[in-house]
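Below is one structure; the comments refer to it alone.
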Amino acid sequence: MAPIADSRQQFDEIPTVVGIFSAFGLIFSVSLFAWICCQRKSSKSNKTPPYKFVHVLKGVDIYPENLNSKKKFGADDKNEAKNKSAMPKNSLHLDLEKRDLNGNFPKTTTKMQGFPDLENSSPKHFAERKKDSVSPDSIKSIASLSSEDKQDKLGTLFFSLEYNFERKAFVVNIKEARGLPAMDEQSMTSDPYIKMTILPEKKHKVKTRVLRKTLDPAFDETFTFYGIPYSQIQDLTLHFMVLSFDRFSRDDVIGEVLIPLAGIELSEGRLLMDREIIKRNVRKSSGRGELLVSLCYQSTTNTLTVVVLKARHLPKSDVSGLSDPYVKVNLYHAKKRISKKKTHVKKCTPNAVFNELFVFDIPCEGLDDISIEFLVLDSDRGSRNEVIGRLTLGSSAEGTGGEHWKEICEYPRRQIAKWHMLCDG
């Protein structure tokens with residue numbers, strides 16, 4: 001009987017031992033899970049933010065890794081706390097309530113951090129203060145202006161470039177523009193803004209806000225582009241387009257600035273630069289390209305079939321490289337547009353193949369009062385699309401447009417295709 005009692009006692013102790021081991025295993029698993037979570041959280045905070053660029057407006061810096069909608073200023077919080085008493089009350093980073101309705105600070109009191117008292121110095125004096133950081137071509141272009149250049153002067157653009165090696169980010173600060181011409185003849189002022197593109201790929205297109213009624217706009221907007229290796233900076237070119245906003249028509253182009261980054265050294269810190277704004281490189285009217293279209297008039301159903309086939313020899317889109325063309329087709333009855341269609345956009349090509357068919361219902365008998373307009377445009381996400389060329393077909397059209405229209409009227413139910421030269425948009 002004694003061995004049987006001992007065996008029963010051993011069987012009774014087994015659940016106790018299993019429970020103790022299970023408790024220790026549970027504690028170990030919870031501790032391991034907590035440690036893994038902490039490691040993941042710390043590793044996420046050190047990763048490069050997955051954003052293409054961050055826009056900094058008026059000195060307020062919004063970093064992408066802070067998703068709690070909190071703003072922090074460009075200067076370090078600790079440095080701001082130390083220098084808060086020493087900084088004047090009219091500093092931009094602290095006194096944000098003194099801006100006017102356009103978001104600008106008064107010129108007599110504004111002093112930008114990192115820029116030496118620009119309000120009281122001329123462009124020549126500005127260049128002398130940063131001789132070490134500005135290329136000789138910039139100083140030479142400011143100092144040696146002929147009388148003819150002064151008459152056609154379109155102003156000066158001030159900006160800075162910087163590369164953040166820690167974040168692997170390229171930083172462009174558009175500071176201000178001075179001496180812009182007045183695009184509004186009535187008020188003798190402009191509503192300027194700046195559109196910036198990184199060439200040659202045109203992947204990054206950004207623009208500043210519009211400042212109302214000023215010829216000396218102070219933007220102070222920073223654009224941070226992530227994911228651009230420092231080794232590729234030398235292959236890039238910055239294209240600044242200075243425009244004046246027009247509510248009732250197409251925005252007026254004031255001028256442009258082209259900055260090749262080849263030879264510009266950004267490893268030593270921020271580089272302050274200024275460039276004269278030059279006239280836009282407008283396309284010549286003799287090189288608008290050609291468009292191949294096919295038309296067929298169905299007299300029985302009173303419909304007009306239009307096929308946009310190809311475009312060739314389209315001009316380059318200014319300095320931005322190849323165009324991104326598409327075609328808008330407008331149908332007019334008695335000079336009133338009654339229908340419109342458009343093709344898909346073809347990326348970066350001077351010789352686009354569309355092969356898209358459109359069918360228009362004609363509201364009257366015959367084609368005497370009907371005309372059709374083809375607009376070849378350059379697609380641009382950052383601003384309004386620019387017209388590359390125009391083609392009009394109708395009874396009153398001249399040249400090949402009138403001849404093509406006469407043929408489709410004489411030979412209904414026949415698809416007739418022809419090449420046409422594009423004229424000015």
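Each chain of the structure tokens is named A, B, ... in the order shown, its residues numbered from 1; ligands are numbered from 1 in display order.
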
Write out as CSV a residue-level contact list of stretch 322-418 of chain A versus stretch 295-308 of chain A with cut-off 10 Å: for each qualifying residue the closest pair of atoms and the distance in Å to one decimal, counting only C-alpha atoms, rows sorted by chain and residue number upward.
```
residue,atom,partner,partner_atom,distance
A:Val327,CA,A:Val308,CA,7.9
A:Lys328,CA,A:Val308,CA,9.7
A:Val329,CA,A:Val306,CA,8.8
A:Leu331,CA,A:Leu304,CA,9.9
A:Lys342,CA,A:Val308,CA,9.5
A:Thr343,CA,A:Val308,CA,8.0
A:Val353,CA,A:Val308,CA,8.7
A:Phe354,CA,A:Val308,CA,6.2
A:Asn355,CA,A:Val308,CA,5.6
A:Glu356,CA,A:Val308,CA,5.4
A:Leu357,CA,A:Val307,CA,4.3
A:Phe358,CA,A:Val306,CA,5.2
A:Val359,CA,A:Thr305,CA,4.5
A:Phe360,CA,A:Leu304,CA,5.1
A:Asp361,CA,A:Thr303,CA,4.6
A:Ile362,CA,A:Thr303,CA,5.4
A:Pro363,CA,A:Asn302,CA,8.0
A:Cys364,CA,A:Asn302,CA,7.9
A:Glu365,CA,A:Asn302,CA,7.1
A:Gly366,CA,A:Ser299,CA,7.6
A:Leu367,CA,A:Tyr297,CA,8.7
A:Ile372,CA,A:Val306,CA,9.5
A:Phe374,CA,A:Val308,CA,9.1
A:His404,CA,A:Leu295,CA,8.7
A:Trp405,CA,A:Leu295,CA,8.6
A:Glu407,CA,A:Cys296,CA,9.7
A:Ile408,CA,A:Cys296,CA,6.2
A:Cys409,CA,A:Tyr297,CA,7.1
A:Glu410,CA,A:Tyr297,CA,9.6
A:Tyr411,CA,A:Tyr297,CA,8.1
A:Pro412,CA,A:Tyr297,CA,5.1
A:Arg413,CA,A:Gln298,CA,5.1
A:Arg414,CA,A:Cys296,CA,5.5
A:Gln415,CA,A:Cys296,CA,4.6
A:Ile416,CA,A:Leu295,CA,5.5
A:Ala417,CA,A:Leu295,CA,6.5
A:Lys418,CA,A:Leu295,CA,9.0
```

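Restricting the calculation to only C-alpha atoms, the smallest distance between A:Thr222 and any of A:Thr208, A:Ser244, A:Thr237, A:Gln186 is found for A:Thr208.
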
Exercise. Neighbours of A:Val387 within 7 Å (only C-alpha atoms; same-chain residues fewer than 6 positions away dropped), as JSON, numbers by chain?
Worked result: {"A": [375, 376, 377, 378, 425]}

With C-alpha atoms kept, could you save the residues just selected as a compact mmCIF listing (two decimals), in the first residue's frame?
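Writing the result to again25.txt gives the following:
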```txt
# COMPACT_ATOMS: atom_id res chain seq x y z
CA LEU A 375 -6.04 72.43 -79.52
CA VAL A 376 -2.75 70.69 -78.79
CA LEU A 377 -1.80 71.42 -75.16
CA ASP A 378 1.08 70.63 -72.83
CA GLY A 425 -2.27 79.14 -79.90
```

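Neighbours of A:Leu292 closer than or equal to 6 Å, with only C-alpha atoms counted and sequence neighbours fewer than 4 positions away skipped, come out as A:Leu309, A:Lys310, A:Lys418, A:Trp419.
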
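If you measure from each of A:His344, A:Arg288, A:Lys168, A:Lys207 to A:Ile233 using only C-alpha atoms, the closest one turns out to be A:Lys168.
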
For this session: Give me every helix (DSSP H, G or I) residue in stretch 376-413 of chain A, going by DSSP on the backbone, as a PyMOL selection string.
Result: chain A and resi 400-410

Could those selected residues go to a file with C-alpha atoms, as a PDB file, in the first residue's frame?
```
ATOM      1  CA  THR A 400      -5.335  72.891 -95.690  1.00  0.00           C
ATOM      2  CA  GLY A 401      -8.085  73.243 -93.074  1.00  0.00           C
ATOM      3  CA  GLY A 402     -10.537  74.617 -95.644  1.00  0.00           C
ATOM      4  CA  GLU A 403      -9.496  72.067 -98.286  1.00  0.00           C
ATOM      5  CA  HIS A 404      -9.946  69.125 -95.878  1.00  0.00           C
ATOM      6  CA  TRP A 405     -13.394  70.367 -94.875  1.00  0.00           C
ATOM      7  CA  LYS A 406     -14.449  70.753 -98.521  1.00  0.00           C
ATOM      8  CA  GLU A 407     -13.455  67.146 -99.249  1.00  0.00           C
ATOM      9  CA  ILE A 408     -15.459  65.617 -96.386  1.00  0.00           C
ATOM     10  CA  CYS A 409     -18.506  67.634 -97.492  1.00  0.00           C
ATOM     11  CA  GLU A 410     -18.165  66.453-101.109  1.00  0.00           C
TER      12      GLU A 410
END
```

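Taking only C-alpha atoms into account, A:Arg250 lies nearest to A:Asn385 out of the set A:Pro315, A:Glu265, A:Trp35, A:Asn385.
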
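Nearest-residue note for A:Leu236: choosing from A:Met183, A:Ile198, A:Cys37, A:Val172, the minimum distance belongs to A:Ile198, counting only C-alpha atoms.
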
Exercise. Which distance in Å separates atom CA of A:Gly269 and atom CA of A:Leu238, to one decimal?
Worked result: 18.3 Å

Exercise. DSSP says strand (DSSP E) for which residues of stretch 226-390 of chain A? Put them as a ChimeraX atom specification?
Worked result: /A:226,237-244,252-260,271-276,290-298,303-312,325-333,336-342,353-361,370-378,386-390

Please list as a CSV table (one decimal) with N, CA, C and O atoms, in the first residue's frame every residue within 10 Å of A:Leu258, counting only C-alpha atoms and excluding residues in the same chain fewer than 6 positions away.
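Writing the result to result_5.csv gives the following:
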```csv
chain,number,residue,atom,x,y,z
A,196,MET,N,8.2,76.3,-59.1
A,196,MET,CA,9.6,75.7,-59.2
A,196,MET,C,9.5,74.3,-59.7
A,196,MET,O,8.6,73.5,-59.2
A,197,THR,N,10.4,73.9,-60.6
A,197,THR,CA,10.4,72.5,-61.1
A,197,THR,C,11.9,72.1,-61.1
A,197,THR,O,12.8,72.8,-61.4
A,199,LEU,N,14.5,69.8,-62.8
A,199,LEU,CA,14.7,69.2,-64.1
A,199,LEU,C,15.9,68.2,-64.0
A,199,LEU,O,16.7,68.3,-63.1
A,237,THR,N,18.8,70.5,-62.4
A,237,THR,CA,18.7,71.9,-62.7
A,237,THR,C,17.4,72.5,-62.1
A,237,THR,O,16.3,71.8,-62.2
A,238,LEU,N,17.4,73.6,-61.5
A,238,LEU,CA,16.2,74.3,-60.9
A,238,LEU,C,15.7,75.3,-61.9
A,238,LEU,O,16.4,76.1,-62.4
A,239,HIS,N,14.4,75.2,-62.1
A,239,HIS,CA,13.7,76.1,-63.0
A,239,HIS,C,12.6,76.9,-62.2
A,239,HIS,O,11.7,76.3,-61.7
A,240,PHE,N,12.8,78.2,-62.0
A,240,PHE,CA,11.9,79.1,-61.3
A,240,PHE,C,11.1,79.8,-62.4
A,240,PHE,O,11.7,80.5,-63.2
A,241,MET,N,9.8,79.7,-62.3
A,241,MET,CA,8.9,80.5,-63.2
A,241,MET,C,8.2,81.6,-62.4
A,241,MET,O,7.4,81.2,-61.4
A,275,ARG,N,19.6,85.7,-58.5
A,275,ARG,CA,19.7,85.7,-59.9
A,275,ARG,C,18.7,86.7,-60.5
A,275,ARG,O,17.6,86.9,-60.0
A,276,GLU,N,19.2,87.3,-61.6
A,276,GLU,CA,18.3,88.2,-62.4
A,276,GLU,C,17.2,87.4,-63.1
A,276,GLU,O,17.5,86.4,-63.7
A,277,ILE,N,16.0,87.9,-63.1
A,277,ILE,CA,14.9,87.2,-63.8
A,277,ILE,C,15.0,87.7,-65.2
A,277,ILE,O,15.1,88.8,-65.6
A,278,ILE,N,15.0,86.7,-66.1
A,278,ILE,CA,15.1,86.9,-67.6
A,278,ILE,C,13.8,86.6,-68.2
A,278,ILE,O,12.8,86.0,-67.7
A,319,VAL,N,12.3,75.4,-71.2
A,319,VAL,CA,13.5,74.8,-70.7
A,319,VAL,C,13.2,73.5,-70.0
A,319,VAL,O,14.1,72.9,-69.4
A,320,SER,N,11.9,73.2,-69.9
A,320,SER,CA,11.5,72.0,-69.0
A,320,SER,C,11.7,70.7,-69.8
A,320,SER,O,11.2,69.7,-69.2
```
